[in-house]
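Structure data (CSV, C-alpha atoms) from entry14.csv:
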chain,number,residue,atom,x,y,z
A,983,MET,CA,-36.2,-0.1,9.2
A,984,GLY,CA,-32.8,1.3,10.2
A,985,LEU,CA,-34.4,4.8,10.7
A,986,LEU,CA,-36.9,3.3,13.1
A,987,VAL,CA,-34.3,1.6,15.2
A,988,VAL,CA,-32.0,4.6,15.3
A,989,ALA,CA,-34.9,6.9,16.3
A,990,ALA,CA,-36.1,4.5,19.0
A,991,VAL,CA,-32.6,4.1,20.5
A,992,VAL,CA,-31.9,7.8,20.5
A,993,ALA,CA,-35.3,8.6,22.0
A,994,ALA,CA,-34.8,5.9,24.7
A,995,LEU,CA,-31.5,7.5,25.7
A,996,THR,CA,-32.8,11.1,25.6
A,997,ILE,CA,-36.1,10.6,27.5
A,998,PRO,CA,-34.5,10.0,31.0
A,999,GLU,CA,-32.2,13.0,30.6
A,1000,LEU,CA,-35.1,15.2,29.5
A,1001,ARG,CA,-37.3,14.0,32.3
A,1002,SER,CA,-34.6,14.7,34.9
A,1003,GLU,CA,-34.1,18.3,33.5
A,1004,LEU,CA,-37.8,19.1,33.4
A,1005,ALA,CA,-38.4,17.7,36.9
A,1006,GLY,CA,-35.5,19.7,38.3
A,1007,GLU,CA,-33.9,16.6,39.8
A,1008,GLY,CA,-30.6,16.9,41.5
A,1009,THR,CA,-29.2,18.3,44.7
A,1010,ASP,CA,-28.8,22.0,45.0
A,1011,GLY,CA,-25.5,23.2,46.6
A,1012,THR,CA,-22.7,25.7,46.5
A,1013,LEU,CA,-19.3,25.5,45.0
A,1014,THR,CA,-16.6,27.4,46.9
A,1015,VAL,CA,-14.1,28.1,44.1
A,1016,SER,CA,-10.4,27.4,44.8
A,1017,SER,CA,-9.2,27.8,41.2
A,1018,CYS,CA,-10.3,28.5,37.6
A,1019,GLU,CA,-8.5,27.7,34.4
A,1020,ALA,CA,-9.3,29.1,31.0
A,1021,HIS,CA,-9.7,26.9,27.9
A,1022,THR,CA,-10.2,28.0,24.3
A,1023,LYS,CA,-12.0,26.2,21.6
A,1024,THR,CA,-11.5,27.2,18.0
A,1025,HIS,CA,-14.4,26.9,15.5
A,1026,TYR,CA,-13.5,27.0,11.8
A,1027,GLY,CA,-16.1,28.2,9.4
A,1028,THR,CA,-16.0,28.6,5.7
A,1029,HIS,CA,-15.0,32.3,5.8
A,1030,ARG,CA,-13.9,32.9,9.3
A,1031,ARG,CA,-12.5,31.4,12.5
A,1032,THR,CA,-14.0,32.0,16.0
A,1033,THR,CA,-12.6,31.2,19.3
A,1034,GLU,CA,-14.8,30.4,22.3
A,1035,LEU,CA,-13.4,31.0,25.8
A,1036,LYS,CA,-14.6,28.6,28.5
A,1037,PHE,CA,-13.5,28.2,32.1
A,1038,SER,CA,-13.2,25.1,34.4
A,1039,CYS,CA,-13.6,26.1,38.1
A,1040,THR,CA,-12.6,23.6,40.8
A,1041,GLY,CA,-13.5,23.8,44.5
A,1042,THR,CA,-15.4,22.3,47.3
A,1043,TRP,CA,-19.1,21.6,46.8
A,1044,THR,CA,-21.5,21.6,49.8
A,1045,ALA,CA,-25.2,20.5,49.6
A,1046,GLN,CA,-27.6,23.4,50.3
A,1047,HIS,CA,-29.6,21.7,53.1
A,1048,GLY,CA,-26.6,20.1,54.9
A,1049,GLY,CA,-25.3,16.6,54.2
A,1050,ALA,CA,-22.8,15.8,51.5
A,1051,THR,CA,-19.6,17.6,50.8
A,1052,HIS,CA,-17.3,16.9,47.9
A,1053,GLN,CA,-13.7,18.0,47.4
A,1054,ASP,CA,-12.1,18.8,44.0
A,1055,VAL,CA,-15.3,19.3,42.1
A,1056,THR,CA,-14.9,20.7,38.6
A,1057,VAL,CA,-17.6,22.7,36.9
A,1058,GLN,CA,-17.6,24.2,33.4
A,1059,THR,CA,-18.4,27.9,33.5
A,1060,SER,CA,-18.7,30.8,31.0
A,1061,SER,CA,-16.8,33.3,33.2
A,1062,ARG,CA,-13.8,33.3,35.6
A,1063,PHE,CA,-14.5,33.4,39.3
A,1064,GLU,CA,-12.1,34.6,42.0
A,1065,THR,CA,-10.8,32.2,44.7
A,1066,GLY,CA,-13.4,32.0,47.5
A,1067,THR,CA,-16.4,32.9,45.4
A,1068,LYS,CA,-19.5,30.8,46.1
A,1069,ILE,CA,-21.5,29.8,43.0
A,1070,PRO,CA,-24.7,27.8,42.8
A,1071,VAL,CA,-24.1,24.3,41.4
A,1072,VAL,CA,-26.5,21.3,41.1
A,1073,GLN,CA,-25.3,17.7,41.6
A,1074,VAL,CA,-27.1,15.3,39.2
A,1075,ASP,CA,-26.0,11.7,39.6
A,1076,ASP,CA,-22.2,12.0,39.5
A,1077,THR,CA,-21.9,15.3,37.6
A,1078,PHE,CA,-22.0,18.9,38.7
A,1079,VAL,CA,-23.4,21.6,36.6
A,1080,GLN,CA,-24.6,25.2,37.0
A,1081,PRO,CA,-28.4,25.6,37.1
A,1082,GLN,CA,-28.6,27.6,33.9
A,1083,ASP,CA,-26.7,24.7,32.0
A,1084,ARG,CA,-29.6,22.3,32.7
A,1085,ASP,CA,-31.4,23.4,29.5
A,1086,PRO,CA,-34.0,20.9,28.3
A,1087,GLY,CA,-34.3,22.6,24.9
A,1088,LYS,CA,-31.6,20.5,23.1
A,1089,ASP,CA,-33.0,17.2,24.5
A,1090,ALA,CA,-36.5,18.2,23.5
A,1091,ALA,CA,-35.2,19.0,20.0
A,1092,ILE,CA,-33.6,15.6,19.7
A,1093,LEU,CA,-36.8,13.9,20.8
A,1094,ALA,CA,-38.9,15.9,18.4
A,1095,PHE,CA,-36.4,15.0,15.6
A,1096,CYS,CA,-36.8,11.3,16.6
A,1097,VAL,CA,-40.6,11.7,16.1
A,1098,SER,CA,-40.1,13.0,12.6
A,1099,LEU,CA,-37.6,10.1,11.9
A,1100,LEU,CA,-40.2,7.6,13.1
A,1101,ALA,CA,-42.8,9.1,10.8
A,1102,PHE,CA,-40.4,9.1,7.8
A,1103,GLY,CA,-39.2,5.5,8.6
A,1104,SER,CA,-42.9,4.4,8.8
A,1105,TYR,CA,-43.5,5.9,5.4
A,1106,CYS,CA,-40.5,4.2,4.0
A,1107,LEU,CA,-41.6,0.8,5.4
A,1108,LEU,CA,-45.1,1.2,4.0
A,1109,THR,CA,-44.1,2.3,0.5
A,1110,THR,CA,-40.5,1.7,-0.5
A,1111,THR,CA,-39.3,-1.2,-2.6
A,1112,ARG,CA,-36.0,-1.5,-4.4
A,1113,ASN,CA,-36.1,0.3,-7.8
A,1114,GLY,CA,-39.8,1.0,-7.0
A,1115,PRO,CA,-42.1,3.9,-7.9
A,1116,GLY,CA,-41.3,7.5,-7.2
A,1117,PHE,CA,-42.4,9.6,-4.2
A,1118,THR,CA,-45.8,10.6,-5.7
A,1119,ALA,CA,-46.8,7.2,-6.8
A,1120,SER,CA,-45.7,5.7,-3.5
A,1121,TRP,CA,-47.7,8.3,-1.6
A,1122,GLN,CA,-50.9,7.4,-3.5
A,1123,ARG,CA,-50.3,3.6,-2.9
A,1124,LEU,CA,-50.2,4.0,0.9
A,1125,PRO,CA,-52.8,1.9,2.8
A,1126,ALA,CA,-55.8,4.1,3.5
A,1127,ALA,CA,-54.0,6.9,1.6
A,1128,THR,CA,-56.5,9.6,2.5
A,1129,VAL,CA,-55.7,9.1,6.2
A,1130,THR,CA,-52.2,7.5,6.4
A,1131,GLY,CA,-50.5,10.0,4.2
A,1132,PRO,CA,-51.6,13.2,5.9
A,1133,VAL,CA,-51.1,11.7,9.3
A,1134,LEU,CA,-47.5,10.6,8.5
A,1135,GLY,CA,-46.8,13.9,6.7
A,1136,GLY,CA,-48.3,15.9,9.6
A,1137,VAL,CA,-46.3,14.0,12.3
A,1138,PHE,CA,-43.1,14.5,10.3
A,1139,ALA,CA,-43.8,18.2,9.8
A,1140,VAL,CA,-44.7,18.8,13.5
A,1141,GLY,CA,-41.5,16.8,14.5
A,1142,VAL,CA,-39.2,18.9,12.4
A,1143,LEU,CA,-40.9,22.2,13.4
A,1144,ALA,CA,-40.8,21.3,17.1
A,1145,ALA,CA,-37.1,20.3,16.7
A,1146,LEU,CA,-36.4,23.7,15.2
A,1147,VAL,CA,-38.3,25.6,17.8
A,1148,CYS,CA,-36.8,23.7,20.7
A,1149,SER,CA,-33.2,24.1,19.4
A,1150,PHE,CA,-33.5,27.8,18.7
A,1151,ALA,CA,-36.1,29.2,21.1
A,1152,LEU,CA,-35.5,27.2,24.3

Would it be possible to restate this file's structure as structure tokens?
Amino acid sequence: MGLLVVAAVVAALTIPELRSELAGEGTDGTLTVSSCEAHTKTHYGTHRRTTELKFSCTGTWTAQHGGATHQDVTVQTSSRFETGTKIPVVQVDDTFVQPQDRDPGKDAAILAFCVSLLAFGSYCLLTTTRNGPGFTASWQRLPAATVTGPVLGGVFAVGVLAALVCSFAL
């Protein structure tokens, strides 16, 4: 039951963000850079250490089709920009991001993983009891086992495969 609740809550939080990214919502504009600061983030692996270099650029953002202007807007970038450089930035709600950072792949992967969790959670609800039978015996005791088992297994497999594709390919 816990898997179903977690999957439903995470999906409910992810869907609006994914919908916004796919619809291209937000206000296009231009950030005129006044300063950029470098930040390093160190990642420790089992055999090596890597350092990632990121930049925070601050400046004045102006909407593309007139209207709003915001001072002291900070945007995370992957490269340093000189003072006075104009870069495209999208305002979404109260945040400012570069257009290429609005990647729906990670949100789609999270949603696909939630689908597989829902399938697995449903299987657990239908078959599991404390100190009950093993996986094979539980699988054969499913209600309408010739339909329910392959459907739940297929939904789980498609969810996991879609999560992998979305996280690595998109």

For region 1049-1148 of chain A versus region 1028-1038 of chain A, which residues have an atom no more than 9 Å away, and what is each residue's nearest atom pair and distance in Å rounded to one decimal, using all atoms listed in the file, chain-then-number order, as a tab-separated table?
residue	atom	partner	partner_atom	distance
A:Thr1056	CA	A:Ser1038	CA	6.3
A:Val1057	CA	A:Ser1038	CA	5.6
A:Gln1058	CA	A:Ser1038	CA	4.6
A:Thr1059	CA	A:Phe1037	CA	5.1
A:Ser1060	CA	A:Lys1036	CA	5.3
A:Ser1061	CA	A:Phe1037	CA	6.2
A:Arg1062	CA	A:Phe1037	CA	6.2
A:Phe1063	CA	A:Phe1037	CA	8.9

Practice item. Tell me which protein, DNA and RNA residues are within 12 Å of Val1055 (chain A), counting all atoms listed in the file, leaving out same-chain ones fewer than 6 positions away, and put them as a list in words. Key: Gly1011, Thr1012, Leu1013, Thr1014, Val1015, Ser1016, Ser1017, Cys1018, Ser1038, Cys1039, Thr1040, Gly1041, Thr1042, Trp1043, Thr1044, Val1071, Val1072, Gln1073, Asp1076, Thr1077, Phe1078 and Val1079 of chain A

**Study point:** region 1094-1099 of chain A environment, 7 Å, all atoms listed in the file, sequence neighbours closer than 3 positions dropped, as a ChimeraX atom specification
**Key:** /A:985-986,989,993,1090-1091,1102-1103,1137-1139,1141-1142,1144-1145

Check your understanding: Rounded to one decimal in Å, what is the spacing between CA of Gly1008 (chain A) and CA of Ala1050 (chain A)?
Key ->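 Interatomic distance, CA of Gly1008 (chain A) to CA of Ala1050 (chain A): 12.7 Å.
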
Exercise for review: Calculate how many Å separate CA of Leu995 (chain A) from CA of Glu1007 (chain A), rounding to one decimal.
Suggested key: 17.0 Å

Check your understanding: From the list A:Ile1069, A:Leu1093, A:Ala1020, A:Val1074, which residue is nearest Ile997 (chain A) when using all atoms listed in the file?
Key ->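 The answer is A:Leu1093, which sits nearest to Ile997 (chain A).
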
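Here CA of Thr1128 (chain A) stands at a distance of 19.5 Å from CA of Leu1100 (chain A).
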
**Study point:** Pick from A:Val992, A:Gly984, A:Ala1101, A:Phe1117 nearest to Val1140 (chain A), counting all atoms listed in the file
**Key:** A:Ala1101
